[in-house]
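Asker: Pasting a structure here, questions to come.
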Amino acid sequence: MSNIDMSRRRIMIGGAMAGALAALVPAAAMASAPKENYAERTLTIGLFSGDISALAAIKAAHPVVQRFAKLEHDEASAVGGLLLGAGAATPQRPRDFADTVAKLKQMDRGTAFDLLYVDTEIEGHKALLGIQAGQVKVGGSGLDVTVATILVPFIESHLDMLHAVRTDLSA
């Protein structure tokens with residue numbers, strides 16, 4: 001099975017996972033508010049990922065990149081909605097994130113755009129995995145631990161998908 005076939009399969013599974021996560025939003029939003037530092041760090045990366053994914057869903061040249069971007073946008077929106085609905089504040093976007101958004105907006109559709117998007121997503125997912133795994137390790141109860149526990153396998157599967165797509169784009 002090729003990397004593209006595996007990526008398509010993972011995207012389909014990821015879509016199902018996104019639906020499951022979205023279904024948790026109303027109930028989880030009523031749970032205890034997330035810890036501020038956790039929510040801010042998660043939202044900073046998640047909202048950025050959602051924004052560049054919305055752009056990539058329209059602008060990506062490779063169909064698997066487009067499908068991943070749509071999936072990622074939906075998942076980032078679900079997680080963002082959950083944390084914001086539970087009382088977290090919208091964080092300010094770091095300058096380097098804003099610069100990346102501007103660069104992607106200026107780029108033409110094509111492999112260079114797709115590669116920058118995928119590389120940025122890989123970097124962001126690695127950082128987000130560190131945040132979530134750290135929160136799970138701290139343990140306890142509350143919305144932040146619940147969300148982090150759910151997100152770890154999502155992020156790991158996304159990293160697998162992104163690395164497979166990256167390999168195909170580089171071939």
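We label chains A, B, ... in the order they appear in the structure tokens, count residues from 1 in each chain, and number ligands from 1 in the order shown.
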Sorted by chain and rising residue number, which residues of region 81-163 of chain A lie within 7 Å of region 42-53 of chain A, and what are their closest atom pairs and distances in Å to one decimal, counting only C-alpha atoms, as JSON lines?

Answerer:
{"residue": "A:Pro91", "atom": "CA", "partner": "A:Thr44", "partner_atom": "CA", "distance": 5.9}
{"residue": "A:Arg93", "atom": "CA", "partner": "A:Thr44", "partner_atom": "CA", "distance": 6.5}
{"residue": "A:Phe97", "atom": "CA", "partner": "A:Phe48", "partner_atom": "CA", "distance": 6.9}
{"residue": "A:Val101", "atom": "CA", "partner": "A:Ile52", "partner_atom": "CA", "distance": 6.3}
{"residue": "A:Glu121", "atom": "CA", "partner": "A:Ser49", "partner_atom": "CA", "distance": 6.9}
{"residue": "A:Gly124", "atom": "CA", "partner": "A:Ile45", "partner_atom": "CA", "distance": 6.4}
{"residue": "A:Leu128", "atom": "CA", "partner": "A:Thr42", "partner_atom": "CA", "distance": 6.6}

Asker: Save the residues we just selected, N, CA and C atoms, as a PDB file, in the first residue's frame?

Answerer:
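Printed below is again14.pdb as written:
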ATOM      1  N   PRO A  91      -6.061  33.711  22.886  1.00  0.00           N
ATOM      2  CA  PRO A  91      -4.702  34.239  23.062  1.00  0.00           C
ATOM      3  C   PRO A  91      -4.284  35.128  21.895  1.00  0.00           C
ATOM      4  N   ARG A  93      -1.847  36.120  18.913  1.00  0.00           N
ATOM      5  CA  ARG A  93      -1.053  35.316  17.988  1.00  0.00           C
ATOM      6  C   ARG A  93       0.393  35.807  18.013  1.00  0.00           C
ATOM      7  N   PHE A  97       3.899  33.264  14.075  1.00  0.00           N
ATOM      8  CA  PHE A  97       2.708  32.616  13.529  1.00  0.00           C
ATOM      9  C   PHE A  97       2.023  33.547  12.532  1.00  0.00           C
ATOM     10  N   VAL A 101       1.267  32.913   8.484  1.00  0.00           N
ATOM     11  CA  VAL A 101      -0.041  33.083   7.843  1.00  0.00           C
ATOM     12  C   VAL A 101       0.096  34.025   6.652  1.00  0.00           C
ATOM     13  N   GLU A 121       2.603  22.376   9.925  1.00  0.00           N
ATOM     14  CA  GLU A 121       1.709  21.510  10.695  1.00  0.00           C
ATOM     15  C   GLU A 121       2.496  20.473  11.502  1.00  0.00           C
ATOM     16  N   GLY A 124       3.971  22.308  14.460  1.00  0.00           N
ATOM     17  CA  GLY A 124       2.922  22.648  15.416  1.00  0.00           C
ATOM     18  C   GLY A 124       2.383  21.435  16.154  1.00  0.00           C
ATOM     19  N   LEU A 128       2.331  20.797  20.083  1.00  0.00           N
ATOM     20  CA  LEU A 128       1.050  20.527  20.727  1.00  0.00           C
ATOM     21  C   LEU A 128       1.059  19.181  21.447  1.00  0.00           C
TER      22      LEU A 128
END

Asker: What are the closest atom pairs, with distances in Å to one decimal, for all residues of region 109-160 of chain A lying within 10 Å of region 66-83 of chain A? Consider only C-alpha atoms, order rows by chain and residue number, and present the result as JSON lines.

Answerer:
{"residue": "A:Asp114", "atom": "CA", "partner": "A:Gln66", "partner_atom": "CA", "distance": 8.9}
{"residue": "A:Tyr117", "atom": "CA", "partner": "A:Ala69", "partner_atom": "CA", "distance": 9.0}
{"residue": "A:Val118", "atom": "CA", "partner": "A:Ala69", "partner_atom": "CA", "distance": 9.2}
{"residue": "A:Glu121", "atom": "CA", "partner": "A:Glu72", "partner_atom": "CA", "distance": 9.4}
{"residue": "A:Leu143", "atom": "CA", "partner": "A:Leu83", "partner_atom": "CA", "distance": 8.5}
{"residue": "A:Asp144", "atom": "CA", "partner": "A:Leu83", "partner_atom": "CA", "distance": 8.5}
{"residue": "A:Val147", "atom": "CA", "partner": "A:Val79", "partner_atom": "CA", "distance": 8.1}
{"residue": "A:Leu151", "atom": "CA", "partner": "A:Val79", "partner_atom": "CA", "distance": 9.0}
{"residue": "A:Phe154", "atom": "CA", "partner": "A:Glu75", "partner_atom": "CA", "distance": 9.3}
{"residue": "A:His158", "atom": "CA", "partner": "A:Glu72", "partner_atom": "CA", "distance": 8.6}

Asker: Would you compute the distance between CA of Thr149 (chain A) and CA of Ala98 (chain A)? Give it in Å to one decimal.

Answerer: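 Atom-to-atom, CA of Thr149 (chain A) to CA of Ala98 (chain A), that is 28.6 Å.
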